[in-house]
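Text of run19.csv (CSV, C-alpha atoms) as supplied:
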```csv
chain,number,residue,atom,x,y,z
A,8,MET,CA,135.9,129.7,102.0
A,9,LYS,CA,132.7,127.8,101.6
A,10,TYR,CA,133.0,128.3,97.9
A,11,VAL,CA,136.5,127.1,97.6
A,12,PHE,CA,135.4,124.0,99.5
A,13,LEU,CA,132.4,123.4,97.1
A,14,VAL,CA,134.5,124.0,94.0
A,15,SER,CA,137.1,121.4,95.1
A,16,LEU,CA,134.2,119.0,95.8
A,17,VAL,CA,132.8,119.5,92.4
A,18,ALA,CA,136.2,119.0,90.9
A,19,LEU,CA,136.5,115.8,92.8
A,20,MET,CA,133.1,114.8,91.6
A,21,LEU,CA,134.0,115.3,88.0
A,22,GLY,CA,137.4,113.7,88.5
A,23,SER,CA,136.1,110.5,90.1
A,24,CYS,CA,134.8,107.9,87.8
A,25,THR,CA,131.0,107.5,87.6
A,26,GLN,CA,129.2,104.3,87.6
A,27,GLU,CA,127.2,104.8,84.5
A,28,ASN,CA,124.9,101.9,84.2
A,29,GLU,CA,123.6,102.7,87.7
A,30,ASN,CA,121.6,105.6,86.4
A,31,ALA,CA,119.8,103.8,83.6
A,32,SER,CA,116.9,106.3,83.7
A,33,GLY,CA,119.2,109.2,82.8
A,34,LEU,CA,117.7,111.2,85.7
A,35,PRO,CA,120.3,113.3,87.6
A,36,VAL,CA,121.5,112.4,91.0
A,37,PHE,CA,121.1,115.4,93.3
A,38,GLY,CA,123.7,116.6,95.8
A,39,VAL,CA,127.4,117.0,96.1
A,40,LYS,CA,129.4,113.9,96.5
A,41,LEU,CA,131.5,113.7,99.7
A,42,PRO,CA,135.1,112.6,99.4
A,43,ILE,CA,136.1,109.5,101.3
A,44,THR,CA,139.5,107.9,101.5
A,45,LYS,CA,139.8,104.2,101.3
A,46,GLU,CA,142.4,101.5,100.8
A,47,VAL,CA,142.6,99.8,97.4
A,48,ASN,CA,145.3,97.2,96.8
A,49,GLY,CA,147.3,98.7,99.7
A,50,LYS,CA,147.1,102.2,98.3
A,51,THR,CA,145.1,105.1,99.7
A,52,VAL,CA,142.7,106.4,97.1
A,53,VAL,CA,140.1,109.1,97.3
A,54,ASP,CA,136.6,108.0,96.3
A,55,SER,CA,133.3,109.8,96.8
A,56,LEU,CA,130.0,109.1,98.6
A,57,GLU,CA,126.7,110.1,97.1
A,58,HIS,CA,124.2,112.1,99.0
A,59,THR,CA,121.5,109.7,100.3
A,60,ILE,CA,118.6,110.2,102.8
A,61,PRO,CA,119.9,109.1,106.2
A,62,PRO,CA,117.9,106.5,108.3
A,63,PHE,CA,114.8,107.9,110.1
A,64,SER,CA,112.0,106.9,112.3
A,65,PHE,CA,108.5,108.6,112.3
A,66,VAL,CA,105.0,107.5,113.0
A,67,ASP,CA,102.1,107.5,110.5
A,68,GLN,CA,98.4,108.1,110.5
A,69,ASP,CA,97.7,104.5,111.5
A,70,SER,CA,100.2,104.7,114.4
A,71,ALA,CA,102.7,102.5,112.5
A,72,ILE,CA,106.4,103.2,112.8
A,73,VAL,CA,107.8,104.3,109.4
A,74,THR,CA,111.6,104.0,108.9
A,75,GLU,CA,114.0,103.8,106.0
A,76,LYS,CA,113.1,100.0,106.0
A,77,THR,CA,109.5,101.0,105.0
A,78,VAL,CA,110.8,102.4,101.7
A,79,GLU,CA,113.4,99.8,101.1
A,80,GLY,CA,113.5,98.9,97.4
A,81,LYS,CA,110.9,101.5,96.7
A,82,VAL,CA,110.8,104.7,94.6
A,83,TYR,CA,109.2,107.3,96.8
A,84,LEU,CA,108.0,110.9,97.0
A,85,ALA,CA,108.7,113.1,100.0
A,86,ASP,CA,107.2,116.5,101.0
A,87,PHE,CA,106.6,118.7,104.0
A,88,PHE,CA,103.2,120.1,104.9
A,89,PHE,CA,100.8,120.6,107.8
A,90,THR,CA,97.1,119.8,108.0
A,91,SER,CA,96.0,123.3,108.9
A,92,CYS,CA,98.1,125.0,106.2
A,93,PHE,CA,95.9,127.2,104.1
A,94,THR,CA,98.5,128.6,101.7
A,95,ILE,CA,100.0,126.3,99.1
A,96,CYS,CA,99.4,122.9,100.8
A,97,PRO,CA,95.9,122.1,99.5
A,98,LYS,CA,97.2,122.7,95.9
A,99,VAL,CA,100.3,120.5,96.4
A,100,LYS,CA,98.1,117.8,97.9
A,101,LYS,CA,95.7,118.0,95.0
A,102,ASN,CA,98.6,117.5,92.5
A,103,MET,CA,100.2,114.8,94.6
A,104,LYS,CA,96.9,112.9,94.6
A,105,LYS,CA,97.3,112.4,90.8
A,106,ALA,CA,100.7,110.7,91.3
A,107,TYR,CA,99.1,108.6,94.1
A,108,LYS,CA,96.3,107.5,91.8
A,109,ALA,CA,98.8,106.6,89.1
A,110,PHE,CA,101.0,104.3,91.3
A,111,LYS,CA,99.1,103.3,94.4
A,112,GLY,CA,98.7,99.7,93.2
A,113,ARG,CA,102.5,99.1,93.2
A,114,SER,CA,104.3,97.7,96.1
A,115,ASP,CA,107.5,99.4,95.0
A,116,PHE,CA,106.1,102.9,95.4
A,117,ALA,CA,105.4,105.1,98.4
A,118,ILE,CA,104.7,108.6,99.5
A,119,LEU,CA,106.0,110.2,102.8
A,120,SER,CA,104.4,113.5,103.7
A,121,HIS,CA,106.0,114.9,106.8
A,122,SER,CA,104.1,117.3,109.1
A,123,ILE,CA,106.2,120.3,110.2
A,124,ASP,CA,103.5,121.1,112.8
A,125,THR,CA,104.1,118.1,115.0
A,126,ARG,CA,102.3,119.7,118.0
A,127,HIS,CA,98.9,119.9,116.3
A,128,ASP,CA,99.3,117.1,113.8
A,129,THR,CA,98.9,114.2,116.2
A,130,VAL,CA,98.3,110.7,114.9
A,131,GLY,CA,94.6,111.2,115.4
A,132,ARG,CA,94.6,114.5,113.4
A,133,LEU,CA,96.6,112.8,110.6
A,134,ALA,CA,94.1,109.9,110.6
A,135,TRP,CA,91.3,112.3,110.2
A,136,TYR,CA,93.0,114.1,107.4
A,137,ALA,CA,93.9,110.8,105.6
A,138,ASN,CA,90.3,109.7,105.8
A,139,LYS,CA,88.9,113.0,104.5
A,140,PHE,CA,91.6,113.0,101.8
A,141,ASP,CA,90.8,109.4,100.9
A,142,ILE,CA,94.3,107.9,101.0
A,143,SER,CA,95.6,104.6,102.4
A,144,SER,CA,98.7,104.1,104.5
A,145,ASP,CA,99.5,101.1,102.3
A,146,THR,CA,101.1,103.7,100.0
A,147,TRP,CA,100.8,107.2,101.5
A,148,HIS,CA,102.2,107.8,105.0
A,149,LEU,CA,101.4,111.1,106.7
A,150,LEU,CA,104.2,111.4,109.2
A,151,THR,CA,104.6,113.1,112.6
A,152,GLY,CA,107.2,112.6,115.3
A,153,ASP,CA,110.1,114.4,116.9
A,154,LYS,CA,110.1,118.0,115.6
A,155,GLU,CA,113.9,118.4,115.4
A,156,ALA,CA,114.2,115.1,113.5
A,157,ILE,CA,111.6,116.3,110.9
A,158,TYR,CA,113.3,119.6,110.4
A,159,LYS,CA,116.7,117.9,110.2
A,160,ILE,CA,115.5,115.5,107.5
A,161,ALA,CA,113.9,118.3,105.5
A,162,TYR,CA,117.4,119.6,105.2
A,163,ASP,CA,118.6,116.2,103.9
A,164,TYR,CA,115.8,116.3,101.3
A,165,TYR,CA,117.0,119.9,100.3
A,166,VAL,CA,113.6,121.3,101.3
A,167,THR,CA,113.0,124.5,103.2
A,168,ALA,CA,111.0,124.0,106.4
A,169,LEU,CA,111.1,126.6,109.2
A,170,GLU,CA,109.0,127.6,112.1
A,171,SER,CA,108.4,131.3,111.7
A,172,ALA,CA,106.0,133.7,113.4
A,173,ASP,CA,105.9,135.9,110.3
A,174,ALA,CA,104.8,133.2,107.9
A,175,PRO,CA,101.0,132.5,107.4
A,176,GLY,CA,100.0,129.7,109.8
A,177,GLY,CA,103.3,130.0,111.6
A,178,PHE,CA,105.5,127.9,109.3
A,179,ASP,CA,107.6,128.8,106.3
A,180,HIS,CA,108.1,125.9,103.9
A,181,SER,CA,108.4,125.2,100.2
A,182,GLY,CA,105.9,123.2,98.2
A,183,ALA,CA,108.6,121.0,96.8
A,184,VAL,CA,108.0,117.4,96.1
A,185,VAL,CA,111.1,115.2,96.1
A,186,LEU,CA,111.6,112.1,94.0
A,187,VAL,CA,113.8,109.5,95.8
A,188,ASP,CA,115.1,106.3,94.2
A,189,LYS,CA,115.5,102.8,95.6
A,190,LYS,CA,118.9,103.7,97.0
A,191,ARG,CA,117.5,106.8,98.8
A,192,ARG,CA,119.2,109.2,96.4
A,193,ILE,CA,117.3,112.3,95.3
A,194,ARG,CA,116.5,112.1,91.6
A,195,GLY,CA,114.2,115.1,91.1
A,196,MET,CA,112.6,118.1,92.7
A,197,TYR,CA,109.2,119.4,91.6
A,198,ASP,CA,107.1,122.5,92.5
A,199,GLY,CA,104.0,120.8,93.9
A,200,THR,CA,101.9,123.9,93.0
A,201,ASP,CA,102.7,123.6,89.3
A,202,PRO,CA,100.5,121.0,87.5
A,203,GLU,CA,103.0,120.8,84.6
A,204,ARG,CA,105.9,120.0,86.8
A,205,MET,CA,103.8,117.5,88.6
A,206,LYS,CA,103.0,115.8,85.3
A,207,GLN,CA,106.7,115.5,84.7
A,208,LEU,CA,107.0,114.0,88.2
A,209,VAL,CA,104.6,111.2,87.2
A,210,LYS,CA,106.7,110.6,84.0
A,211,ASP,CA,110.0,110.5,85.9
A,212,THR,CA,108.6,108.2,88.6
A,213,GLN,CA,107.4,105.8,85.9
A,214,LEU,CA,110.8,106.0,84.3
A,215,LEU,CA,112.6,105.2,87.5
A,216,LEU,CA,110.3,102.3,88.3
A,217,ASP,CA,110.8,100.9,84.8
A,218,THR,CA,114.6,101.3,84.5
A,219,GLU,CA,116.3,101.2,87.9
B,26,MET,CA,72.5,150.9,77.7
B,27,ALA,CA,72.6,147.2,77.1
B,28,PHE,CA,76.2,147.7,76.0
B,29,SER,CA,77.5,149.5,79.0
B,30,CYS,CA,75.6,147.1,81.2
B,31,GLY,CA,77.3,144.1,79.5
B,32,ASN,CA,80.7,145.8,79.9
B,33,SER,CA,80.3,146.4,83.6
B,34,ARG,CA,79.3,142.8,84.2
B,35,GLU,CA,82.4,141.6,82.4
B,36,LYS,CA,84.5,144.0,84.4
B,37,THR,CA,83.0,142.7,87.7
B,38,TYR,CA,83.5,139.2,86.6
B,39,ASN,CA,87.2,139.8,85.7
B,40,GLU,CA,87.9,141.6,88.9
B,41,GLY,CA,86.2,138.9,90.8
B,42,ALA,CA,88.4,136.3,89.1
B,43,MET,CA,91.5,138.2,90.2
B,44,LEU,CA,90.2,138.5,93.8
B,45,TYR,CA,89.3,134.8,93.7
B,46,GLU,CA,92.8,133.8,92.8
B,47,LYS,CA,94.2,135.8,95.6
B,48,HIS,CA,91.7,135.0,98.4
B,49,CYS,CA,90.0,131.7,97.6
B,50,GLU,CA,91.9,129.6,95.1
B,51,ASN,CA,94.4,128.0,97.6
B,52,CYS,CA,91.5,126.0,99.1
B,53,HIS,CA,88.8,125.9,96.5
B,54,MET,CA,91.2,125.5,93.6
B,55,SER,CA,91.4,127.4,90.3
B,56,ASP,CA,88.8,125.2,88.7
B,57,GLY,CA,86.5,125.4,91.8
B,58,THR,CA,86.6,121.7,92.5
B,59,GLY,CA,88.0,121.9,96.0
B,60,LEU,CA,89.9,119.0,97.5
B,61,GLU,CA,88.3,115.7,98.3
B,62,ALA,CA,86.3,115.9,101.6
B,63,LEU,CA,88.7,118.6,103.0
B,64,TYR,CA,87.8,121.7,101.0
B,65,PRO,CA,84.3,121.9,99.4
B,66,PRO,CA,83.8,122.6,95.7
B,67,LEU,CA,82.2,125.8,94.4
B,68,ALA,CA,81.8,124.5,90.9
B,69,GLY,CA,78.4,122.9,90.6
B,70,ALA,CA,78.0,123.1,94.4
B,71,ASP,CA,74.4,122.8,95.6
B,72,MET,CA,75.3,124.8,98.8
B,73,LEU,CA,76.6,127.8,96.9
B,74,GLN,CA,73.6,127.6,94.6
B,75,SER,CA,71.2,127.6,97.6
B,76,VAL,CA,72.9,130.3,99.7
B,77,GLY,CA,73.1,132.7,96.7
B,78,VAL,CA,73.9,136.2,97.8
B,79,GLY,CA,74.3,134.8,101.3
B,80,ALA,CA,77.8,133.6,100.3
B,81,ALA,CA,78.8,137.1,101.2
B,82,CYS,CA,78.4,136.2,104.8
B,83,ILE,CA,80.5,133.1,104.4
B,84,ILE,CA,83.3,135.2,103.0
B,85,LYS,CA,82.9,137.8,105.8
B,86,ASN,CA,82.4,135.5,108.8
B,87,GLY,CA,83.9,132.2,107.7
B,88,LEU,CA,82.1,128.9,108.3
B,89,GLN,CA,82.5,126.4,111.1
B,90,GLY,CA,80.9,123.1,111.8
B,91,LYS,CA,79.6,120.3,109.6
B,92,ILE,CA,78.1,121.1,106.2
B,93,MET,CA,77.0,118.9,103.3
B,94,VAL,CA,78.0,119.9,99.8
B,95,ASN,CA,76.8,117.6,96.9
B,96,GLY,CA,76.3,114.8,99.4
B,97,VAL,CA,79.8,115.0,100.9
B,98,GLU,CA,80.3,116.1,104.6
B,99,PHE,CA,82.8,118.8,105.3
B,100,GLU,CA,84.0,120.0,108.7
B,101,THR,CA,87.5,121.5,108.1
B,102,GLY,CA,86.2,125.0,108.8
B,103,MET,CA,86.8,128.2,106.9
B,104,ALA,CA,88.3,131.3,108.6
B,105,PRO,CA,86.8,134.7,107.7
B,106,VAL,CA,88.4,136.3,104.7
B,107,VAL,CA,89.3,139.7,106.1
B,108,GLY,CA,90.0,143.1,104.4
B,109,LEU,CA,87.5,142.9,101.5
B,110,SER,CA,85.1,145.7,100.7
B,111,SER,CA,81.5,145.1,99.8
B,112,VAL,CA,82.3,146.0,96.2
B,113,GLU,CA,85.1,143.4,96.2
B,114,ILE,CA,82.8,140.8,97.7
B,115,THR,CA,80.2,141.6,95.1
B,116,ASN,CA,82.8,141.0,92.4
B,117,ILE,CA,83.8,137.7,93.9
B,118,LEU,CA,80.2,136.6,94.1
B,119,ASN,CA,79.5,137.4,90.5
B,120,TYR,CA,82.6,135.5,89.6
B,121,ILE,CA,82.0,132.3,91.6
B,122,HIS,CA,78.3,132.3,90.6
B,123,ASN,CA,79.2,132.4,86.9
B,124,ALA,CA,82.5,130.5,86.5
B,125,TRP,CA,83.0,126.8,85.8
B,126,GLY,CA,79.5,126.3,84.4
B,127,ASN,CA,77.7,128.0,87.3
B,128,ARG,CA,74.9,130.4,86.3
B,129,ARG,CA,73.1,133.1,88.3
B,130,GLU,CA,71.5,136.4,87.8
B,131,PHE,CA,73.8,139.4,88.2
B,132,ILE,CA,74.2,140.3,91.8
B,133,LYS,CA,74.1,144.0,92.7
B,134,LEU,CA,76.0,145.8,95.3
B,135,ASN,CA,73.0,146.8,97.3
B,136,GLU,CA,71.9,143.2,97.6
B,137,VAL,CA,75.3,142.3,99.0
B,138,GLU,CA,75.3,145.2,101.4
B,139,ALA,CA,71.8,144.2,102.7
B,140,SER,CA,73.0,140.6,103.1
B,141,LEU,CA,76.2,141.7,104.9
B,142,LYS,CA,74.1,143.8,107.3
B,143,ALA,CA,72.0,140.9,108.2
B,144,CYS,CA,74.9,138.8,109.2
B,145,GLU,CA,76.9,141.4,111.1
```
Now, as a test, write the supplied structure out as structure tokens.
Amino acid sequence: MKYVFLVSLVALMLGSCTQENENASGLPVFGVKLPITKEVNGKTVVDSLEHTIPPFSFVDQDSAIVTEKTVEGKVYLADFFFTSCFTICPKVKKNMKKAYKAFKGRSDFAILSHSIDTRHDTVGRLAWYANKFDISSDTWHLLTGDKEAIYKIAYDYYVTALESADAPGGFDHSGAVVLVDKKRRIRGMYDGTDPERMKQLVKDTQLLLDTE
Amino acid sequence: MAFSCGNSREKTYNEGAMLYEKHCENCHMSDGTGLEALYPPLAGADMLQSVGVGAACIIKNGLQGKIMVNGVEFETGMAPVVGLSSVEITNILNYIHNAWGNRREFIKLNEVEASLKACE
């Protein structure tokens, strides 16, 4: 049933006309388009809606409220982590730091790292981490807030984040880094533990900044 | 004699490298550089150099509180790495003390065992 639904959506996607010059970078747009019906010249037509990251509101290491407005007109990276994570997180952070260094001077670039351990990762704890990690909230926001809202938005970024007693540290999550464009569409997914993929991320980010 | 000795050192180093990848690399990184002021380096680290064989105790008991490594203060804390035999710890020590440009005399099992006894 689910498959039939997906297949018809994909068919719809292919059938609908694409706005070509909007993807000047040539990078793919991730996600299944959702059909919407609307009136055009008095006739009902089926169009499609692209997957975008919905509005959100979290708080960062400097107690600032970070919403979709914070990343308006910006290309940004998103990931999920927690400060006491001793599995893949330090590696992912090390690789992300390279992207941070490459683009931190730009006002049209940002990074949002969401903590999935909202109970321990208070604003104070995130501030400590940001200081030790030597990053500035001008570009890189370490986010905490309502736990449900964070797990929900992970789903919108197509990233796995689960609380699990079986996982090391109590959380099961992927090391994916997501590249989001100025329209809050997902344009790339990268394994944050893989230095080669993270080099590609820097290239793709540059391409997006240059062309779209 | 010199030959077999050389081979066993190489074997120890290689086994240490595999154990390092499994038990240490997440935090101290494959190139031993650590992560900023959160996870200390082992490559060219003055603290590792000065603790020498005593690093066995850091592996076994972990390390808490503020420490200085190459002039940078760390306080993240390291949990004990459990389930390693003294042979495995010896292999890891011979690896970290000779990888990434580090150099140290070959560490023998009985030295590690004595060190581990002292920090029980």
Q: List every protein, DNA or RNA residue that has at least one atom no more than 10 Å from (85.0, 140.7, 98.6) in the file's coordinates, counting only C-alpha atoms, and write the result as a list of chain:residue names.
A: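 All residues meeting the 10 Å criterion around (85.0, 140.7, 98.6) are B:Gly41, B:Leu44, B:Tyr45, B:His48, B:Ala81, B:Ile84, B:Lys85, B:Val106, B:Val107, B:Gly108, B:Leu109, B:Ser110, B:Ser111, B:Val112, B:Glu113, B:Ile114, B:Thr115, B:Asn116, B:Ile117, B:Leu118, B:Val137.
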Those residues with C-alpha atoms, as a PDB file, keeping the file's coordinate frame please?
```
ATOM      1  CA  GLY B  41      86.200 138.900  90.800  1.00  0.00           C
ATOM      2  CA  LEU B  44      90.200 138.500  93.800  1.00  0.00           C
ATOM      3  CA  TYR B  45      89.300 134.800  93.700  1.00  0.00           C
ATOM      4  CA  HIS B  48      91.700 135.000  98.400  1.00  0.00           C
ATOM      5  CA  ALA B  81      78.800 137.100 101.200  1.00  0.00           C
ATOM      6  CA  ILE B  84      83.300 135.200 103.000  1.00  0.00           C
ATOM      7  CA  LYS B  85      82.900 137.800 105.800  1.00  0.00           C
ATOM      8  CA  VAL B 106      88.400 136.300 104.700  1.00  0.00           C
ATOM      9  CA  VAL B 107      89.300 139.700 106.100  1.00  0.00           C
ATOM     10  CA  GLY B 108      90.000 143.100 104.400  1.00  0.00           C
ATOM     11  CA  LEU B 109      87.500 142.900 101.500  1.00  0.00           C
ATOM     12  CA  SER B 110      85.100 145.700 100.700  1.00  0.00           C
ATOM     13  CA  SER B 111      81.500 145.100  99.800  1.00  0.00           C
ATOM     14  CA  VAL B 112      82.300 146.000  96.200  1.00  0.00           C
ATOM     15  CA  GLU B 113      85.100 143.400  96.200  1.00  0.00           C
ATOM     16  CA  ILE B 114      82.800 140.800  97.700  1.00  0.00           C
ATOM     17  CA  THR B 115      80.200 141.600  95.100  1.00  0.00           C
ATOM     18  CA  ASN B 116      82.800 141.000  92.400  1.00  0.00           C
ATOM     19  CA  ILE B 117      83.800 137.700  93.900  1.00  0.00           C
ATOM     20  CA  LEU B 118      80.200 136.600  94.100  1.00  0.00           C
ATOM     21  CA  VAL B 137      75.300 142.300  99.000  1.00  0.00           C
TER      22      VAL B 137
END
```
**Q.** Point-to-point distance from CA of Gly69 (chain B) to CA of Leu134 (chain B), Å rounded to tenths
**A.** 23.5 Å
Q: Please indicate the distance in Å from CA of Ala70 (chain B) to CA of Trp147 (chain A), rounded to one decimal place.
A: 28.7 Å
Axis-aligned box for region 179-185 of chain A, 8 Å per side, centre and edges in Å as AutoDock Vina command-line options:
```
--center_x 108.5 --center_y 122.0 --center_z 101.2 --size_x 21.2 --size_y 29.6 --size_z 26.2
```
Q: Fewer than 4 positions away in the same chain doesn't count, so skip those; otherwise give me all residues within 9 Å of Val82 (chain A), counting all atoms listed in the file, as a PyMOL selection string.
A: chain A and resi 78+115-118+186-191+212+215-216
Export C-alpha atoms of the chosen residues as a PDB file, in the coordinates of the input?
```
ATOM      1  CA  VAL A  78     110.800 102.400 101.700  1.00  0.00           C
ATOM      2  CA  ASP A 115     107.500  99.400  95.000  1.00  0.00           C
ATOM      3  CA  PHE A 116     106.100 102.900  95.400  1.00  0.00           C
ATOM      4  CA  ALA A 117     105.400 105.100  98.400  1.00  0.00           C
ATOM      5  CA  ILE A 118     104.700 108.600  99.500  1.00  0.00           C
ATOM      6  CA  LEU A 186     111.600 112.100  94.000  1.00  0.00           C
ATOM      7  CA  VAL A 187     113.800 109.500  95.800  1.00  0.00           C
ATOM      8  CA  ASP A 188     115.100 106.300  94.200  1.00  0.00           C
ATOM      9  CA  LYS A 189     115.500 102.800  95.600  1.00  0.00           C
ATOM     10  CA  LYS A 190     118.900 103.700  97.000  1.00  0.00           C
ATOM     11  CA  ARG A 191     117.500 106.800  98.800  1.00  0.00           C
ATOM     12  CA  THR A 212     108.600 108.200  88.600  1.00  0.00           C
ATOM     13  CA  LEU A 215     112.600 105.200  87.500  1.00  0.00           C
ATOM     14  CA  LEU A 216     110.300 102.300  88.300  1.00  0.00           C
TER      15      LEU A 216
END
```
Please identify every residue of chain B that has at least one atom no more than 9 Å from any atom of chain A, counting only C-alpha atoms, and report them as a PDB file with C-alpha atoms, in the coordinates of the input.
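Dumped everything to selection_21.pdb:
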```
ATOM      1  CA  GLU B  50      91.900 129.600  95.100  1.00  0.00           C
ATOM      2  CA  ASN B  51      94.400 128.000  97.600  1.00  0.00           C
ATOM      3  CA  CYS B  52      91.500 126.000  99.100  1.00  0.00           C
ATOM      4  CA  HIS B  53      88.800 125.900  96.500  1.00  0.00           C
ATOM      5  CA  MET B  54      91.200 125.500  93.600  1.00  0.00           C
ATOM      6  CA  GLY B  59      88.000 121.900  96.000  1.00  0.00           C
ATOM      7  CA  LEU B  60      89.900 119.000  97.500  1.00  0.00           C
ATOM      8  CA  GLU B  61      88.300 115.700  98.300  1.00  0.00           C
ATOM      9  CA  ALA B  62      86.300 115.900 101.600  1.00  0.00           C
ATOM     10  CA  LEU B  63      88.700 118.600 103.000  1.00  0.00           C
ATOM     11  CA  TYR B  64      87.800 121.700 101.000  1.00  0.00           C
ATOM     12  CA  PHE B  99      82.800 118.800 105.300  1.00  0.00           C
ATOM     13  CA  THR B 101      87.500 121.500 108.100  1.00  0.00           C
TER      14      THR B 101
END
```
Q. Hey, can you check how far CA of Lys108 (chain A) sits from CA of Ala156 (chain A)?
A. 29.1 Å
Q | Radius query 12 Å about (107.8, 109.8, 97.8), atoms used: only C-alpha atoms, as a ChimeraX atom specification | A | /A:60,75,77-79,81-87,103-104,106-107,110-111,115-121,146-149,164,183-189,191-197,208-209,212
